[in-house]
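To keep things clear, I will list the structure first and then write my remarks on it.
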Amino acid sequence: MNANWSTTVYGVDDAYFDVRNCDIQSGRKFTESEIRTGAAACIIGSKVRKQLFAEQDPVGANIRLQAISCQVVGLLAAKGQGGMGMDQDDLVLVPLQAFQRRISGDRKISSVQIGLSDHSDASFVQNEVVTLMRQRRGIQPGHRRMTSQS
């Protein structure tokens with residue numbers, strides 16, 4: 001089948017599946033080696049599968065992400081619409097290293113998702129994350145990082 005589909009590609013690590021409560025319908029998650037080396041492997045959502053492969057199992061097939069040929073190693077179980085109307089099935093996941101090196105071309109992280117267990121203290125976790133992010137970015141408490149305005 002020769003089809004095109006425009007979707008969002010996310011670079012992820014192995015914690016993504018637990019934090020987002022994602023199950024694999026067929027195939028598998030990324031191996032430790034694929035995550036570490038940034039292999040050209042991907043896991044697709046059910047909407048992407050429908051658009052590119054109809055009802056066929058895509059595992060083992062190759063798709064192109066920009067100029068990269070990527071082997072489909074897994075298919076996510078359908079989740080439907082999420083918060084703010086986002087279609088949680090219209091996505092492609094690749095190992096974070098692969099995304100940074102082969103797709104975005106930089107090591108910037110645009111978002112971080114954090115999952116909490118039912119017994120976690122959300123305020124404590126939030127304070128710990130803020131402290132860690134300040135340390136990593138060299139921002140002192142009470143100060144804001146200056147950004148350039150265009």
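Following the order of the structure tokens, first chain is A, next is B, and so on, with residues numbered from 1 inside each chain and ligands from 1 in the order they appear.
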Note to self: I need the residues in chain A that are strand (DSSP E) according to DSSP; give them as a ChimeraX atom specification.
What the structure shows: /A:8-12,24-27,41-44,62-65,68-76,91-95
Next item on the list: Would you mind telling me which residue in A:Ala98, A:Val19, A:Val129, A:Ala67 lies nearest to A:Ser117 when using only C-alpha atoms?
Entry: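 Result for the nearest residue to A:Ser117: A:Val19.
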Note to self: So, with only C-alpha atoms as the atoms that count, which of A:Gly138, A:Leu96, A:Ala3, A:His119 lies closest to A:Ala15?
What the structure shows: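 Checking each candidate against A:Ala15, we get A:Leu96 as the closest.
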Next item on the list: Write out as an MDAnalysis selection string each polymer residue whose atoms come within 8 Å of A:Ile43, counting only C-alpha atoms; drop sequence neighbours fewer than 3 positions from it.
Entry: chainID A and resid 29 72:76 92:94
Would you export the selected residues with N, CA, C and O atoms as an mmCIF file, in the first residue's frame, please?
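The result, stored in result_2.cif:
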data_model
loop_
_atom_site.group_PDB
_atom_site.id
_atom_site.type_symbol
_atom_site.label_atom_id
_atom_site.label_comp_id
_atom_site.auth_asym_id
_atom_site.auth_seq_id
_atom_site.Cartn_x
_atom_site.Cartn_y
_atom_site.Cartn_z
ATOM 1 N N LYS A 29 7.394 -3.132 22.520
ATOM 2 C CA LYS A 29 7.978 -1.834 22.864
ATOM 3 C C LYS A 29 9.410 -1.807 22.318
ATOM 4 O O LYS A 29 9.924 -2.810 21.826
ATOM 5 N N VAL A 72 8.518 -0.402 11.661
ATOM 6 C CA VAL A 72 7.444 -0.451 12.652
ATOM 7 C C VAL A 72 7.646 -1.711 13.498
ATOM 8 O O VAL A 72 7.604 -2.818 12.983
ATOM 9 N N VAL A 73 7.894 -1.498 14.799
ATOM 10 C CA VAL A 73 8.091 -2.633 15.708
ATOM 11 C C VAL A 73 6.882 -2.869 16.591
ATOM 12 O O VAL A 73 6.774 -3.900 17.239
ATOM 13 N N GLY A 74 5.960 -1.900 16.639
ATOM 14 C CA GLY A 74 4.784 -2.055 17.485
ATOM 15 C C GLY A 74 3.623 -1.191 17.042
ATOM 16 O O GLY A 74 3.796 -0.191 16.344
ATOM 17 N N LEU A 75 2.447 -1.630 17.464
ATOM 18 C CA LEU A 75 1.197 -0.909 17.229
ATOM 19 C C LEU A 75 0.552 -0.673 18.585
ATOM 20 O O LEU A 75 0.330 -1.624 19.343
ATOM 21 N N LEU A 76 0.261 0.591 18.894
ATOM 22 C CA LEU A 76 -0.378 0.924 20.165
ATOM 23 C C LEU A 76 -1.847 0.511 20.153
ATOM 24 O O LEU A 76 -2.520 0.615 19.130
ATOM 25 N N VAL A 92 3.220 8.814 16.068
ATOM 26 C CA VAL A 92 4.308 7.868 15.845
ATOM 27 C C VAL A 92 5.329 8.116 16.948
ATOM 28 O O VAL A 92 5.691 9.259 17.219
ATOM 29 N N LEU A 93 5.780 7.045 17.569
ATOM 30 C CA LEU A 93 6.798 7.130 18.613
ATOM 31 C C LEU A 93 8.108 6.572 18.078
ATOM 32 O O LEU A 93 8.118 5.533 17.409
ATOM 33 N N VAL A 94 9.190 7.267 18.372
ATOM 34 C CA VAL A 94 10.528 6.787 18.038
ATOM 35 C C VAL A 94 11.391 6.928 19.280
ATOM 36 O O VAL A 94 11.093 7.744 20.165
#
With only C-alpha atoms as the counted atoms, please give the residues lying no more than 9 Å from A:Ala61, apart from itself and same-chain residues fewer than 2 positions off, as a short mmCIF file (atom, residue, chain, number, x, y, z; two decimals) with N, CA and C atoms, in the first residue's frame.
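What follows is the written file part.cif:
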data_model
loop_
_atom_site.label_atom_id
_atom_site.label_comp_id
_atom_site.auth_asym_id
_atom_site.auth_seq_id
_atom_site.Cartn_x
_atom_site.Cartn_y
_atom_site.Cartn_z
N ASP A 57 -1.69 -5.72 9.65
CA ASP A 57 -0.77 -5.56 10.78
C ASP A 57 0.49 -4.89 10.24
N PRO A 58 0.86 -3.71 10.76
CA PRO A 58 2.01 -2.99 10.22
C PRO A 58 3.37 -3.46 10.76
N VAL A 59 3.38 -4.31 11.77
CA VAL A 59 4.64 -4.72 12.40
C VAL A 59 5.54 -5.39 11.37
N ILE A 63 8.19 2.58 7.28
CA ILE A 63 7.55 3.84 6.91
C ILE A 63 8.62 4.91 6.84
N CYS A 70 11.99 3.92 8.67
CA CYS A 70 11.82 3.47 10.05
C CYS A 70 11.02 2.17 10.07
N GLN A 71 11.52 1.16 10.78
CA GLN A 71 10.79 -0.10 10.87
C GLN A 71 9.74 -0.03 11.98
N VAL A 72 8.52 -0.40 11.66
CA VAL A 72 7.44 -0.45 12.65
C VAL A 72 7.65 -1.71 13.50
N VAL A 73 7.89 -1.50 14.80
CA VAL A 73 8.09 -2.63 15.71
C VAL A 73 6.88 -2.87 16.59
#
Checklist line | Who sits within 12 Å of A:Ile103, only C-alpha atoms, same chain under 2 positions skipped, as JSON, numbers by chain | finding: {"A": [8, 9, 10, 11, 38, 40, 64, 65, 66, 67, 68, 69, 70, 93, 94, 95, 96, 97, 98, 99, 100, 101, 105, 106, 107, 108]}
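Closest approach to A:Lys79 from the set A:Asn21, A:Glu34, A:Ala54, A:Ala41 is made by A:Asn21, with distances taken over only C-alpha atoms.
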Next item on the list: Return as a ChimeraX atom specification the full set of residues in stretch 41-125 of chain A whose backbone-based DSSP assignment is alpha helix (DSSP H).
Entry: /A:46-53,96-98,122-125
Could those residues be written to a file, using N, CA and C atoms, as a tab-separated table (two decimals), in the first residue's frame?
chain	number	residue	atom	x	y	z
A	46	SER	N	-3.11	3.63	16.31
A	46	SER	CA	-4.07	2.93	15.47
A	46	SER	C	-4.60	3.78	14.32
A	47	LYS	N	-4.68	5.10	14.49
A	47	LYS	CA	-5.13	5.96	13.38
A	47	LYS	C	-4.09	5.97	12.27
A	48	VAL	N	-2.84	6.03	12.62
A	48	VAL	CA	-1.76	6.00	11.63
A	48	VAL	C	-1.80	4.66	10.89
A	49	ARG	N	-1.99	3.57	11.63
A	49	ARG	CA	-2.10	2.26	10.99
A	49	ARG	C	-3.25	2.25	9.99
A	50	LYS	N	-4.40	2.76	10.40
A	50	LYS	CA	-5.58	2.76	9.52
A	50	LYS	C	-5.30	3.56	8.25
A	51	GLN	N	-4.64	4.71	8.37
A	51	GLN	CA	-4.36	5.56	7.22
A	51	GLN	C	-3.30	4.97	6.28
A	52	LEU	N	-2.31	4.30	6.85
A	52	LEU	CA	-1.20	3.79	6.04
A	52	LEU	C	-1.34	2.33	5.63
A	53	PHE	N	-2.00	1.53	6.48
A	53	PHE	CA	-2.03	0.08	6.25
A	53	PHE	C	-3.43	-0.52	6.22
A	96	LEU	N	13.99	8.37	21.75
A	96	LEU	CA	14.38	9.77	21.93
A	96	LEU	C	15.67	10.11	21.18
A	97	GLN	N	16.68	9.25	21.29
A	97	GLN	CA	17.96	9.51	20.60
A	97	GLN	C	17.76	9.61	19.09
A	98	ALA	N	16.91	8.75	18.53
A	98	ALA	CA	16.64	8.79	17.09
A	98	ALA	C	15.97	10.10	16.72
A	122	ALA	N	1.41	15.19	45.22
A	122	ALA	CA	1.62	15.97	44.00
A	122	ALA	C	2.42	17.24	44.28
A	123	SER	N	2.17	17.91	45.39
A	123	SER	CA	2.91	19.14	45.72
A	123	SER	C	4.39	18.85	45.92
A	124	PHE	N	4.69	17.77	46.63
A	124	PHE	CA	6.08	17.38	46.85
A	124	PHE	C	6.77	17.08	45.52
A	125	VAL	N	6.11	16.31	44.67
A	125	VAL	CA	6.69	15.95	43.37
A	125	VAL	C	6.90	17.20	42.53
Next item on the list: Just the residues within 7 Å of A:Ala77, please, counting only C-alpha atoms, with nothing from its chain fewer than 3 positions along; format it as a PyMOL selection string.
Entry: chain A and resi 23-25+46
